[in-house]
>>> print(open('target-v2.txt').read())   # compact mmCIF, C-alpha atoms
# COMPACT_ATOMS: atom_id res chain seq x y z
CA MET A 1 89.57 -105.76 28.25
CA GLY A 2 90.28 -102.68 26.16
CA GLU A 3 87.85 -101.43 23.56
CA PRO A 4 88.66 -102.49 19.98
CA ASP A 5 89.93 -99.89 17.54
CA VAL A 6 87.17 -98.67 15.24
CA ALA A 7 87.96 -97.19 11.83
CA ASP A 8 86.53 -93.80 10.95
CA SER A 9 83.39 -94.59 8.94
CA ASN A 10 82.79 -90.98 7.97
CA PRO A 11 85.96 -89.59 6.32
CA GLY A 12 84.13 -86.44 5.24
CA GLY A 13 82.63 -85.68 8.65
CA LEU A 14 82.88 -82.62 10.87
CA PHE A 15 86.25 -83.53 12.39
CA SER A 16 87.90 -84.83 9.21
CA SER A 17 91.06 -83.35 7.83
CA ASP A 18 89.18 -82.26 4.69
CA PHE A 19 86.85 -80.08 6.71
CA LYS A 20 89.72 -78.54 8.66
CA ARG A 21 91.71 -77.87 5.52
CA HIS A 22 88.80 -76.03 3.88
CA ASP A 23 88.22 -74.10 7.08
CA ASP A 24 91.88 -73.12 7.17
CA LEU A 25 91.76 -72.08 3.53
CA LYS A 26 88.82 -69.78 4.17
CA ALA A 27 90.66 -68.17 7.09
CA MET A 28 93.80 -67.70 4.99
CA LEU A 29 91.81 -66.15 2.12
CA ASP A 30 90.03 -63.76 4.48
CA GLY A 31 93.29 -62.75 6.19
CA PRO A 32 95.30 -59.60 5.40
CA LYS A 33 98.58 -61.29 4.39
CA ASP A 34 99.22 -61.86 0.69
CA ASN A 35 101.61 -64.75 1.28
CA HIS A 36 98.88 -66.65 3.14
CA LYS A 37 96.39 -65.93 0.35
CA LEU A 38 98.89 -67.10 -2.26
CA ASP A 39 99.54 -70.32 -0.36
CA ALA A 40 95.79 -70.92 -0.02
CA MET A 41 95.18 -70.36 -3.73
CA LYS A 42 98.01 -72.73 -4.65
CA ARG A 43 96.47 -75.44 -2.50
CA ILE A 44 93.03 -74.82 -4.01
CA ILE A 45 94.31 -75.01 -7.59
CA SER A 46 96.26 -78.17 -6.68
CA ASN A 47 93.06 -79.79 -5.36
CA MET A 48 91.21 -78.73 -8.51
CA ALA A 49 93.88 -80.38 -10.64
CA THR A 50 93.27 -83.69 -8.86
CA GLY A 51 89.54 -83.49 -9.61
CA ARG A 52 88.24 -82.39 -6.21
CA ASP A 53 85.23 -80.07 -6.01
CA MET A 54 86.31 -76.73 -4.51
CA SER A 55 83.19 -74.76 -5.44
CA GLU A 56 82.24 -74.17 -1.77
CA LEU A 57 85.18 -71.77 -1.51
CA PHE A 58 83.84 -69.53 -4.29
CA PRO A 59 82.62 -66.68 -2.00
CA ALA A 60 85.98 -66.56 -0.21
CA VAL A 61 87.97 -66.67 -3.45
CA VAL A 62 85.95 -64.13 -5.41
CA LYS A 63 86.66 -61.48 -2.72
CA ASN A 64 90.34 -61.60 -3.65
CA VAL A 65 89.76 -60.63 -7.27
CA VAL A 66 90.63 -57.07 -6.18
CA SER A 67 93.93 -58.16 -4.65
CA LYS A 68 96.91 -56.01 -5.57
CA ASN A 69 99.21 -59.04 -5.61
CA VAL A 70 99.56 -60.13 -9.25
CA GLU A 71 100.31 -63.77 -8.43
CA VAL A 72 97.23 -64.06 -6.21
CA LYS A 73 95.09 -62.39 -8.86
CA LYS A 74 96.27 -64.82 -11.57
CA LEU A 75 95.31 -67.85 -9.49
CA VAL A 76 91.96 -66.29 -8.56
CA TYR A 77 91.15 -65.90 -12.26
CA VAL A 78 92.13 -69.53 -12.91
CA TYR A 79 89.67 -70.57 -10.22
CA LEU A 80 86.92 -68.28 -11.52
CA VAL A 81 87.22 -69.60 -15.07
CA ARG A 82 86.46 -73.08 -13.70
CA TYR A 83 83.52 -72.19 -11.44
CA ALA A 84 82.08 -68.94 -12.85
CA GLU A 85 79.39 -70.76 -14.81
CA GLU A 86 78.29 -72.77 -11.76
CA GLN A 87 78.21 -69.74 -9.42
CA GLN A 88 76.78 -67.15 -11.80
CA ASP A 89 75.01 -65.04 -9.17
CA LEU A 90 78.17 -64.47 -7.16
CA ALA A 91 80.27 -63.95 -10.29
CA LEU A 92 77.90 -61.25 -11.53
CA LEU A 93 78.66 -59.21 -8.42
CA SER A 94 82.26 -58.83 -9.62
CA ILE A 95 81.51 -57.77 -13.20
CA SER A 96 82.74 -54.22 -12.60
CA THR A 97 86.01 -55.60 -11.23
CA PHE A 98 86.50 -57.73 -14.31
CA GLN A 99 85.88 -54.72 -16.56
CA LYS A 100 88.50 -52.72 -14.67
CA ALA A 101 90.94 -55.61 -15.02
CA LEU A 102 90.63 -55.31 -18.82
CA LYS A 103 92.67 -52.08 -18.46
CA ASP A 104 95.37 -53.69 -16.30
CA PRO A 105 98.97 -53.15 -17.49
CA ASN A 106 99.66 -56.89 -17.17
CA GLN A 107 98.59 -58.76 -20.32
CA LEU A 108 97.91 -61.96 -18.37
CA ILE A 109 95.45 -60.14 -16.09
CA ARG A 110 93.67 -58.59 -19.09
CA ALA A 111 93.41 -61.96 -20.82
CA SER A 112 92.27 -63.71 -17.64
CA ALA A 113 89.55 -61.13 -17.02
CA LEU A 114 88.24 -61.57 -20.56
CA ARG A 115 88.32 -65.34 -20.15
CA VAL A 116 86.28 -65.13 -16.94
CA LEU A 117 83.72 -62.80 -18.56
CA SER A 118 83.26 -65.26 -21.43
CA SER A 119 82.82 -68.09 -18.93
CA ILE A 120 79.79 -66.41 -17.28
CA ARG A 121 77.18 -67.51 -19.81
CA VAL A 122 74.34 -65.17 -18.89
CA HIS A 123 72.34 -63.25 -21.51
CA VAL A 124 72.36 -60.12 -19.36
CA ILE A 125 76.12 -59.55 -19.74
CA ALA A 126 76.26 -60.37 -23.48
CA PRO A 127 76.56 -56.67 -24.49
CA ILE A 128 79.32 -56.17 -21.90
CA LEU A 129 81.17 -59.22 -23.22
CA MET A 130 80.75 -57.97 -26.79
CA LEU A 131 82.37 -54.63 -25.92
CA SER A 132 85.16 -56.44 -24.07
CA ILE A 133 85.86 -58.61 -27.12
CA LYS A 134 86.02 -55.50 -29.32
CA GLU A 135 88.64 -54.03 -27.02
CA GLY A 136 90.56 -57.31 -26.81
CA VAL A 137 90.73 -57.73 -30.59
CA VAL A 138 92.73 -54.50 -31.00
CA ASP A 139 94.89 -55.07 -27.92
CA MET A 140 98.64 -54.73 -28.38
CA SER A 141 99.27 -58.16 -26.83
CA PRO A 142 98.76 -61.18 -29.11
CA PHE A 143 97.91 -63.23 -26.01
CA VAL A 144 94.91 -60.99 -25.29
CA ARG A 145 93.84 -61.06 -28.95
CA LYS A 146 94.00 -64.86 -28.87
CA THR A 147 91.77 -64.90 -25.77
CA ALA A 148 89.34 -62.56 -27.55
CA ALA A 149 89.22 -64.98 -30.49
CA HIS A 150 88.35 -67.83 -28.10
CA ALA A 151 85.61 -65.70 -26.54
CA ILE A 152 83.82 -65.12 -29.88
CA PRO A 153 82.43 -68.68 -30.28
CA LYS A 154 81.55 -68.80 -26.56
CA LEU A 155 79.36 -65.73 -27.02
CA HIS A 156 77.92 -67.05 -30.28
CA ARG A 157 76.73 -70.29 -28.64
CA TYR A 158 74.22 -68.55 -26.40
CA GLN A 159 73.73 -65.20 -28.16
CA THR A 160 73.46 -65.35 -31.97
CA SER A 161 72.07 -61.83 -32.36
CA PHE A 162 75.62 -60.43 -32.50
CA ALA A 163 76.59 -62.53 -35.53
CA THR A 164 77.09 -59.50 -37.81
CA LEU A 165 79.28 -57.72 -35.28
CA GLN A 166 81.25 -60.91 -34.69
CA ILE A 167 82.02 -61.14 -38.41
CA GLN A 168 83.32 -57.55 -38.35
CA ILE A 169 85.44 -58.42 -35.34
CA PHE A 170 86.83 -61.43 -37.18
CA GLU A 171 87.93 -59.17 -40.05
CA LYS A 172 89.78 -56.91 -37.60
CA LEU A 173 91.29 -59.96 -35.95
CA CYS A 174 92.71 -61.18 -39.26
CA ILE A 175 94.24 -57.77 -39.98
CA HIS A 176 96.14 -57.75 -36.67
CA SER A 177 96.74 -61.50 -36.52
CA SER A 178 100.12 -63.07 -35.87
CA PHE A 179 101.05 -66.74 -35.76
CA LEU A 180 99.91 -66.79 -32.12
CA VAL A 181 96.42 -65.58 -33.06
CA ALA A 182 95.81 -67.07 -36.52
CA GLY A 183 94.79 -70.54 -35.36
CA SER A 184 92.30 -69.18 -32.81
CA ALA A 185 90.90 -66.70 -35.35
CA VAL A 186 90.24 -69.47 -37.90
CA MET A 187 88.69 -71.61 -35.17
CA ALA A 188 86.26 -68.78 -34.39
CA PHE A 189 85.54 -68.33 -38.10
CA GLU A 190 84.73 -72.03 -38.54
CA GLU A 191 82.17 -71.90 -35.73
CA VAL A 192 80.57 -68.50 -36.33
CA CYS A 193 80.46 -68.07 -40.12
CA PRO A 194 82.02 -71.01 -42.03
CA GLU A 195 79.96 -70.19 -45.13
CA ARG A 196 81.52 -66.71 -45.49
CA ILE A 197 84.39 -67.96 -47.61
CA ASP A 198 84.76 -64.46 -49.08
CA LEU A 199 86.37 -63.34 -45.80
CA ILE A 200 89.31 -65.65 -46.51
CA HIS A 201 90.21 -64.22 -49.93
CA LYS A 202 92.30 -61.28 -48.73
CA ASN A 203 93.84 -63.28 -45.87
CA TYR A 204 94.62 -66.45 -47.81
CA ARG A 205 98.30 -65.81 -48.54
CA LYS A 206 98.91 -64.51 -45.03
CA LEU A 207 97.48 -67.70 -43.52
CA CYS A 208 99.64 -69.84 -45.82
CA GLN A 209 102.78 -67.97 -44.78
CA LEU A 210 101.94 -68.19 -41.05
CA LEU A 211 100.98 -71.86 -41.19
CA VAL A 212 104.39 -73.29 -40.27
CA ASP A 213 104.66 -71.15 -37.11
CA ILE A 214 101.14 -71.73 -35.76
CA ASP A 215 100.72 -74.14 -32.85
CA GLU A 216 99.95 -77.75 -33.78
CA TRP A 217 96.22 -77.81 -33.06
CA GLY A 218 95.85 -74.45 -34.74
CA GLN A 219 97.57 -75.92 -37.80
CA VAL A 220 94.97 -78.69 -37.96
CA THR A 221 92.12 -76.16 -37.95
CA VAL A 222 93.77 -73.88 -40.54
CA ILE A 223 94.64 -76.78 -42.88
CA HIS A 224 91.08 -78.12 -42.77
CA MET A 225 89.73 -74.67 -43.57
CA LEU A 226 92.24 -74.11 -46.40
CA THR A 227 91.42 -77.54 -47.82
CA ARG A 228 87.76 -76.57 -48.00
CA TYR A 229 88.78 -73.24 -49.54
CA ALA A 230 91.01 -74.87 -52.17
CA ARG A 231 88.35 -77.39 -53.20
CA THR A 232 85.84 -74.61 -53.86
CA GLN A 233 88.10 -71.89 -55.30
CA PHE A 234 90.70 -73.77 -57.40
CA LEU A 235 90.40 -76.15 -60.33
CA ASP A 236 90.87 -79.84 -59.70
CA PRO A 237 94.31 -80.61 -61.21
CA ASN A 238 93.52 -84.30 -61.74
CA GLN A 239 90.27 -83.63 -63.57
CA GLN A 240 91.96 -81.15 -65.89
CA VAL A 241 94.81 -83.54 -66.73
CA HIS A 242 92.34 -86.35 -67.33
CA THR A 243 90.36 -84.19 -69.77
CA VAL A 244 93.46 -83.31 -71.80
CA GLN A 245 94.61 -86.93 -71.96
CA THR A 246 91.16 -88.11 -73.08
CA GLU A 247 91.15 -85.64 -75.96
CA TRP A 248 94.52 -86.89 -77.20
CA GLU A 249 93.43 -90.51 -76.88
CA GLU A 250 90.32 -89.85 -78.94
CA PHE A 251 92.41 -88.09 -81.57
CA TYR A 252 94.87 -90.96 -82.06
CA ALA A 253 92.14 -93.64 -81.87
CA LYS A 254 90.59 -92.51 -85.14
CA SER A 255 91.26 -94.67 -88.18
CA ASP A 256 92.22 -93.43 -91.61
CA SER A 257 88.76 -94.18 -93.00
CA SER A 258 87.12 -92.11 -90.31
CA GLU A 259 89.49 -89.25 -91.11
CA ALA A 260 88.29 -89.26 -94.69
CA ASP A 261 84.68 -89.09 -93.55
CA ASP A 262 85.48 -86.31 -91.17
CA ASN A 263 87.16 -84.26 -93.87
CA ASP A 264 83.90 -84.25 -95.83
CA ASN A 265 81.99 -82.91 -92.86
CA ASP A 266 84.56 -80.35 -91.72
CA GLU A 267 82.70 -77.53 -93.33
CA ASP A 268 79.39 -78.49 -91.70
CA LYS A 269 80.65 -78.95 -88.16
CA PRO A 270 81.81 -75.98 -86.08
CA LYS A 271 85.44 -76.12 -85.08
CA PRO A 272 85.91 -77.03 -81.38
CA GLU A 273 87.60 -74.53 -79.14
CA LYS A 274 91.25 -75.22 -78.52
CA LYS A 275 91.82 -76.25 -74.88
CA HIS A 276 95.13 -75.40 -73.25
CA PRO A 277 96.88 -77.81 -70.86
CA TYR A 278 96.25 -77.26 -67.16
CA ILE A 279 98.57 -74.82 -65.35
CA MET A 280 98.26 -74.73 -61.58
CA ASP A 281 97.30 -71.44 -59.99
CA PRO A 282 100.21 -69.84 -58.04
CA ASP A 283 98.07 -69.57 -54.90
CA HIS A 284 97.17 -73.25 -55.19
CA ARG A 285 100.86 -74.11 -55.47
CA LEU A 286 101.63 -71.85 -52.49
CA LEU A 287 99.26 -73.89 -50.30
CA LEU A 288 100.81 -77.22 -51.30
CA ARG A 289 104.34 -75.88 -50.85
CA THR A 290 103.73 -74.45 -47.36
CA CYS A 291 101.96 -77.62 -46.14
CA LYS A 292 104.59 -80.06 -47.40
CA PRO A 293 107.08 -79.53 -44.48
CA LEU A 294 104.29 -80.31 -42.01
CA LEU A 295 104.41 -83.96 -43.08
CA GLN A 296 107.38 -84.14 -40.68
CA SER A 297 105.25 -82.91 -37.76
CA ARG A 298 105.29 -84.90 -34.52
CA ASN A 299 101.52 -84.45 -34.25
CA ALA A 300 99.62 -87.21 -36.05
CA SER A 301 96.60 -84.95 -36.58
CA VAL A 302 98.70 -82.43 -38.50
CA VAL A 303 100.10 -85.16 -40.76
CA MET A 304 96.60 -86.51 -41.38
CA ALA A 305 95.33 -83.02 -42.22
CA VAL A 306 98.13 -82.50 -44.78
CA ALA A 307 97.47 -85.96 -46.26
CA ARG A 308 93.80 -85.05 -46.65
CA LEU A 309 94.76 -81.80 -48.38
CA TYR A 310 97.06 -83.59 -50.86
CA HIS A 311 94.47 -86.29 -51.50
CA HIS A 312 91.83 -83.76 -52.54
CA CYS A 313 93.85 -80.89 -54.01
CA ALA A 314 97.24 -82.13 -55.28
CA PRO A 315 98.10 -83.57 -58.71
CA ALA A 316 98.21 -87.39 -58.80
CA ASN A 317 102.00 -87.50 -59.26
CA GLU A 318 102.52 -85.50 -56.02
CA VAL A 319 100.19 -87.46 -53.75
CA THR A 320 102.77 -90.24 -53.31
CA ILE A 321 104.84 -88.08 -50.91
CA VAL A 322 102.16 -88.46 -48.20
CA ALA A 323 102.36 -92.27 -48.31
CA ARG A 324 105.65 -92.44 -46.44
CA ALA A 325 104.46 -90.03 -43.74
CA LEU A 326 101.27 -92.04 -43.18
CA VAL A 327 103.16 -95.33 -43.00
CA LYS A 328 105.37 -93.85 -40.27
CA LEU A 329 102.27 -93.15 -38.19
CA LEU A 330 101.51 -96.88 -38.14
CA ARG A 331 104.28 -97.24 -35.56
CA GLY A 332 102.28 -95.19 -33.05
CA HIS A 333 99.54 -96.11 -30.60
CA ARG A 334 96.70 -98.42 -31.59
CA GLU A 335 94.20 -95.57 -31.63
CA VAL A 336 96.37 -93.69 -34.12
CA GLN A 337 96.83 -96.84 -36.21
CA THR A 338 93.07 -97.29 -36.47
CA VAL A 339 92.48 -93.77 -37.78
CA VAL A 340 95.45 -93.88 -40.16
CA LEU A 341 94.51 -97.29 -41.61
CA SER A 342 90.93 -96.14 -42.17
CA ASN A 343 92.16 -93.11 -44.11
CA ILE A 344 94.69 -95.20 -46.06
CA ALA A 345 91.87 -97.56 -47.08
CA THR A 346 89.85 -94.57 -48.34
CA MET A 347 92.80 -93.14 -50.27
CA SER A 348 93.69 -96.53 -51.78
CA SER A 349 90.16 -96.99 -53.10
CA THR A 350 90.59 -93.97 -55.40
CA ARG A 351 94.38 -93.94 -55.85
CA LYS A 352 95.46 -97.52 -56.35
CA GLY A 353 99.16 -98.21 -56.15
CA THR A 354 100.01 -95.28 -53.86
CA PHE A 355 101.02 -97.55 -50.96
CA GLU A 356 102.42 -100.51 -52.94
CA PRO A 357 106.09 -99.65 -52.15
CA TYR A 358 105.26 -99.95 -48.43
CA LEU A 359 103.39 -103.25 -48.61
CA LYS A 360 105.49 -104.80 -45.82
CA SER A 361 104.15 -102.26 -43.35
CA PHE A 362 100.66 -103.74 -43.76
CA PHE A 363 101.58 -107.29 -42.82
CA VAL A 364 99.39 -108.66 -40.03
CA HIS A 365 101.20 -109.36 -36.73
CA SER A 366 100.11 -111.68 -33.98
CA SER A 367 99.99 -108.78 -31.50
CA ASP A 368 97.56 -106.73 -33.64
CA PRO A 369 93.99 -106.34 -32.31
CA THR A 370 91.17 -107.76 -34.41
CA HIS A 371 89.97 -104.41 -35.80
CA ILE A 372 93.49 -103.48 -36.94
CA ARG A 373 93.92 -106.86 -38.62
CA LEU A 374 90.69 -106.35 -40.53
CA LEU A 375 91.78 -102.88 -41.65
CA LYS A 376 95.15 -104.18 -42.84
CA VAL A 377 93.54 -107.02 -44.78
CA SER A 378 91.03 -104.68 -46.39
>>> encode(input="target-v2.txt", output="structure tokens")
Amino acid sequence: MGEPDVADSNPGGLFSSDFKRHDDLKAMLDGPKDNHKLDAMKRIISNMATGRDMSELFPAVVKNVVSKNVEVKKLVYVYLVRYAEEQQDLALLSISTFQKALKDPNQLIRASALRVLSSIRVHVIAPILMLSIKEGVVDMSPFVRKTAAHAIPKLHRYQTSFATLQIQIFEKLCIHSSFLVAGSAVMAFEEVCPERIDLIHKNYRKLCQLLVDIDEWGQVTVIHMLTRYARTQFLDPNQQVHTVQTEWEEFYAKSDSSEADDNDNDEDKPKPEKKHPYIMDPDHRLLLRTCKPLLQSRNASVVMAVARLYHHCAPANEVTIVARALVKLLRGHREVQTVVLSNIATMSSTRKGTFEPYLKSFFVHSSDPTHIRLLKVS
């Protein structure tokens, strides 16, 4: 009788295909041919994308950071960004190579080198990273400046002693900012020095004008920051209108007999100062005007950010334009519906009647989950 077939109980053993593949990759990375190195790096990045741990290849990969082949070098930097923090000792050996790469003619290599440096979170290299960020902020390429903006909060998380210098760098970043950099610059500002609202004054109009062209997640960050700015720097239009209306109501509510009594005491009472009706600041109007087209954004977070801005900073008669955009979001995924309904409930508690024209959209359906039904009923 023949022996029964036995399945391999150790798929990760010495003679498994995984072991051979890693062994082959090391040989290809150590070889002299660039095409073999490029093929090996592609396979490594592909395995990383599927969630496999490729950290054991770090010594073989980091040797190729000095490769003259641009494509190989790009993939090596992608790998190093992922594993530099885990293999700090080996990554520190290549610091001088990364610094040289900051002078590379290729903007992608310069940006990748800066990204790797910011990924090695060691206090020893903090001054080196600070100098690299300074150089990246004034780089001619907006892609490198954007990477420098991302590196600022990374440095701030483990080294707060450079806070003053980071604020100065942020000011330079705003001067040279384009729509590719603005979102990242504001993101760094919100994490490093959100209380320094004075830094926004001279860049306010520029940010408003760039808002439409910034990437979607950058728009969310900028709108949230500008909402906070508007609430602290501009008058509340609804409060001002309410004050004027109250004064007129009090004036017409007086009876003729009270007018006679008042005439006798006119000389004794000081005359109240004449209050002018509210006129919106041009910069306040600029913010509302530039954000209005973003209600048509395909990103639900952008629409929610604009709705939040209008809820807090727009006159009551203009807030109704966000109702239609929010109702459209109810056709999306359940997660989006939950967030939108929660915000609609908050807005309706202070602005009753805003969503009455769209009452049919809040009917409960049999397919709605329990939490969405409760939100619709509330």
>>> residues_around(input="target-v2.txt", residues="A:Lys206", least_positions_apart="6", cutoff="12 Å", atoms="only C-alpha atoms", output="list in words")
Cys174, Ile175, His176, Ser177, Ser178, Phe179, Ala182, Ile200, Val212, Asp213, Ile214, Val222, Leu226, Asp283, Leu286, Leu287 and Thr290 of chain A
>>> atom_distance(input="target-v2.txt", atom1="atom CA of A:Gly332", atom2="atom CA of A:His311")
21.9 Å
>>> residues_around(input="target-v2.txt", residues="stretch 99-110 of chain A", least_positions_apart="3", cutoff="8 Å", atoms="all atoms listed in the file", output="ChimeraX atom specification")
/A:70,73-74,95-96,113-114,132,141,143-144
>>> closest_residue(input="target-v2.txt", among="A:Ile125, A:Leu38, A:Cys291, A:Val186", to="A:Glu71", atoms="all atoms listed in the file")
A:Leu38
>>> residues_near_point(input="target-v2.txt", point="(97.8, -84.3, -46.1)", cutoff="12 Å", atoms="all atoms listed in the file", output="PyMOL selection string")
chain A and resi 219-220+223-224+226-227+287-297+300-314+318-326+340+343-344+347
>>> write_last_selection(input="target-v2.txt", atoms="C-alpha atoms", output="CSV table (one decimal), in the coordinates of the input")
chain,number,residue,atom,x,y,z
A,219,GLN,CA,97.6,-75.9,-37.8
A,220,VAL,CA,95.0,-78.7,-38.0
A,223,ILE,CA,94.6,-76.8,-42.9
A,224,HIS,CA,91.1,-78.1,-42.8
A,226,LEU,CA,92.2,-74.1,-46.4
A,227,THR,CA,91.4,-77.5,-47.8
A,287,LEU,CA,99.3,-73.9,-50.3
A,288,LEU,CA,100.8,-77.2,-51.3
A,289,ARG,CA,104.3,-75.9,-50.8
A,290,THR,CA,103.7,-74.4,-47.4
A,291,CYS,CA,102.0,-77.6,-46.1
A,292,LYS,CA,104.6,-80.1,-47.4
A,293,PRO,CA,107.1,-79.5,-44.5
A,294,LEU,CA,104.3,-80.3,-42.0
A,295,LEU,CA,104.4,-84.0,-43.1
A,296,GLN,CA,107.4,-84.1,-40.7
A,297,SER,CA,105.2,-82.9,-37.8
A,300,ALA,CA,99.6,-87.2,-36.0
A,301,SER,CA,96.6,-85.0,-36.6
A,302,VAL,CA,98.7,-82.4,-38.5
A,303,VAL,CA,100.1,-85.2,-40.8
A,304,MET,CA,96.6,-86.5,-41.4
A,305,ALA,CA,95.3,-83.0,-42.2
A,306,VAL,CA,98.1,-82.5,-44.8
A,307,ALA,CA,97.5,-86.0,-46.3
A,308,ARG,CA,93.8,-85.0,-46.6
A,309,LEU,CA,94.8,-81.8,-48.4
A,310,TYR,CA,97.1,-83.6,-50.9
A,311,HIS,CA,94.5,-86.3,-51.5
A,312,HIS,CA,91.8,-83.8,-52.5
A,313,CYS,CA,93.8,-80.9,-54.0
A,314,ALA,CA,97.2,-82.1,-55.3
A,318,GLU,CA,102.5,-85.5,-56.0
A,319,VAL,CA,100.2,-87.5,-53.8
A,320,THR,CA,102.8,-90.2,-53.3
A,321,ILE,CA,104.8,-88.1,-50.9
A,322,VAL,CA,102.2,-88.5,-48.2
A,323,ALA,CA,102.4,-92.3,-48.3
A,324,ARG,CA,105.6,-92.4,-46.4
A,325,ALA,CA,104.5,-90.0,-43.7
A,326,LEU,CA,101.3,-92.0,-43.2
A,340,VAL,CA,95.4,-93.9,-40.2
A,343,ASN,CA,92.2,-93.1,-44.1
A,344,ILE,CA,94.7,-95.2,-46.1
A,347,MET,CA,92.8,-93.1,-50.3
>>> atom_distance(input="target-v2.txt", atom1="atom CA of A:Asn69", atom2="atom CA of A:Val122")
28.9 Å
>>> residues_around(input="target-v2.txt", residues="A:Glu86", least_positions_apart="3", cutoff="12 Å", atoms="only C-alpha atoms", output="ChimeraX atom specification")
/A:53-56,58,79-83,89-92,119-122
>>> axis_aligned_box(input="target-v2.txt", around="stretch 93-111 of chain A", padding_each_side="6 Å", output="lines of an AutoDock Vina configuration file")
center_x = 89.2
center_y = -57.0
center_z = -14.6
size_x = 33.0
size_y = 21.9
size_z = 24.4
>>> residues_around(input="target-v2.txt", residues="A:Leu173", least_positions_apart="2", cutoff="10 Å", atoms="only C-alpha atoms", output="ChimeraX atom specification")
/A:134,136-138,145-146,148-149,167-171,175-178,181-182,184-186
>>> atom_distance(input="target-v2.txt", atom1="atom CA of A:Ser118", atom2="atom CA of A:Arg196")
24.2 Å
>>> closest_residue(input="target-v2.txt", among="A:Ile372, A:Leu155, A:Pro194, A:Trp217", to="A:Val336", atoms="all atoms listed in the file")
A:Ile372
>>> residues_around(input="target-v2.txt", residues="A:Thr160", least_positions_apart="2", cutoff="12 Å", atoms="all atoms listed in the file", output="VMD selection string")
chain A and resid 123 126 to 127 130 152 to 158 162 to 167 191 to 193
>>> decode(input="target-v2.txt", residues="stretch 108-132 of chain A", atoms="C-alpha atoms", output="compact mmCIF listing (two decimals), in the first residue's frame")
# COMPACT_ATOMS: atom_id res chain seq x y z
CA LEU A 108 10.09 63.40 -6.28
CA ILE A 109 13.45 62.27 -4.90
CA ARG A 110 13.80 65.46 -2.84
CA ALA A 111 10.30 65.06 -1.44
CA SER A 112 10.79 61.35 -0.74
CA ALA A 113 14.05 61.99 1.12
CA LEU A 114 12.37 64.60 3.31
CA ARG A 115 9.48 62.23 3.96
CA VAL A 116 11.86 59.48 5.07
CA LEU A 117 13.76 61.86 7.37
CA SER A 118 10.50 62.90 9.04
CA SER A 119 9.57 59.24 9.47
CA ILE A 120 12.69 58.50 11.57
CA ARG A 121 11.37 59.80 14.88
CA VAL A 122 14.61 60.04 16.83
CA HIS A 123 15.52 63.09 18.93
CA VAL A 124 19.11 62.99 17.71
CA ILE A 125 18.21 63.94 14.13
CA ALA A 126 15.66 66.64 15.07
CA PRO A 127 18.08 69.51 14.22
CA ILE A 128 18.89 67.86 10.87
CA LEU A 129 15.18 67.48 10.11
CA MET A 130 14.58 71.10 11.09
CA LEU A 131 17.21 72.31 8.62
CA SER A 132 15.78 70.04 5.93
